[in-house]
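A.B. asks: Submitted below is the structure of interest, expressed as structure tokens.
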Amino acid sequence: MLKKVEKPLIERLKTGVPGFDNLIAGGIPRGFFVAVVGEPGTGKTIFSIHFAWKGIESRDKVVYVTTEESRESIIRQAEMFGMNFSGAIASNRLIIIDALMRSQKDEWTLEDLVIEELVNKIIEAKKALGYGRARLIIDSMSAFWLDRPAMARKYSYMVKRILYRWDFTTLMISQYAVTTSYAFGWGVEHVADGIIRFRRGIRKGILRRYVIVEKMRQTPHDLRMYEVEIIDGKGMNIVKPTEMRKEDTVLPSDVKKKIVKNIKKEEKELP
């Protein structure tokens with residue numbers, strides 16, 4: 001008769017967002033690649049900044065890739081929430097790779113939005129930070145396939161396959177379209193170990209933000225959608241579970257058919 005296998009111990013990394021880790025059994029499993037997805041303005045970057053800062057506080061090595069804001073913008077946002085990214089950079093605990101201001105041409109500027117160059121620069125940064133547990137944020141992956149969305153899955157898989165051995169726990173941000181609430185090319189979600197989905201909506205004339213954990217392997221995660229608030233001077237906070245109508249999150253059937261048709265067409269064009 002086979003003996004029962006003991007439940008494995010899973011090392012989990014705190015996100016630093018008050019209330020969020022309770023939704024995922026205490027944190028993100030070490031070594032996971034997690035897709036953080038949603039429309040602009042839903043809180044993805046702020047969530048990522050919290051994750052980076054918690055890593056700095058935990059003495060982790062942190063690499064932050066920014067493609068849609070400058071390095072200075074990320075530092076300023078963090079400082080608005082009391083997070084000293086400048087000090088972390090000076091003490092060699094954080095490297096911000098800037099893929100937006102490519103004219104600067106310093107050591108940690110990505111000159112071209114080429115996925116191979118991205119991976120090489122991340123590995124250089126990890127070597128510069130030294131040995132140890134590390135966190136990686138790519139904000140966002142969508143910038144690398146804007147002109148060829150059908151390549152999203154291939155690029156996402158490449159990043160995961162190569163960087164897996166470097167002991168990163170990774171957040172891969174993916175932008176969703178405001179008009180459809182769907183991705184500019186599916187890819188990150190297919191290779192991810194977890195999916196954290198941010199949403200937004202107008203309720204009684206007020207902008208509301210929401211988050212739901214759609215997937216987290218090896219984790220008994222909460223299946224409810226939660227309201228999110230962003231507090232000046234503090235950052236993100238998980239408020240309470242909320243009920244949303246089906247029509248708040250489901251696309252009209254004709255729109256979904258068009259999206260599926262375009263995806264099939266793009267996949268046929270892949271080399």
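Within each chain, counting starts at residue 1; across the structure tokens, chains are named A, B, ... in the order shown, with ligands numbered 1 upward in that order.
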Show which residues sit within 12 Å of A:Ile49, as JSON, numbers by chain. Count only C-alpha atoms, and ignore same-chain residues fewer than 6 positions away.
C.D. replies: {"A": [15, 16, 17, 43, 55, 56, 62, 63, 64, 65, 66, 73, 74, 75, 76, 77, 78, 79, 80, 81, 82, 83, 84, 85, 94, 96, 135, 136, 137, 138, 139, 171, 173, 234, 235, 236]}
A.B. asks: As a PyMOL selection string, please: all residues of stretch 57-194 of chain A that backbone DSSP puts in helix (DSSP H, G or I).
C.D. replies: chain A and resi 57+71-80+85-90+115-129+141-144+149-166+188-191
A.B. asks: Residues at most 7 Å from A:Met216, counting only C-alpha atoms, excluding those fewer than 2 positions away in the same chain, as a list in words?
C.D. replies: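 The neighbour list is Asp193, Gly194, Ile195, Gln218, Thr219 and His221 of chain A.
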A.B. asks: Based on DSSP run over this structure's backbone, return all residues of stretch 15-196 of chain A in strand (DSSP E), as a PyMOL selection string.
C.D. replies: chain A and resi 28-29+33-38+61-66+94-98+134-139+168-175+194-196
A.B. asks: Atom CA of A:Thr169 and atom CA of A:Glu107, how far apart in Å?
C.D. replies: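 About the pair atom CA of A:Glu107 and atom CA of A:Thr169: they are 23.3 Å apart.
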A.B. asks: Using only C-alpha atoms, determine which residues lie at most 8 Å from stretch 27-29 of chain A, disregarding the query and same-chain residues fewer than 2 positions distant; provide the list as a ChimeraX atom specification.
C.D. replies: /A:10-15,21-22,24-25,31-32,169,218
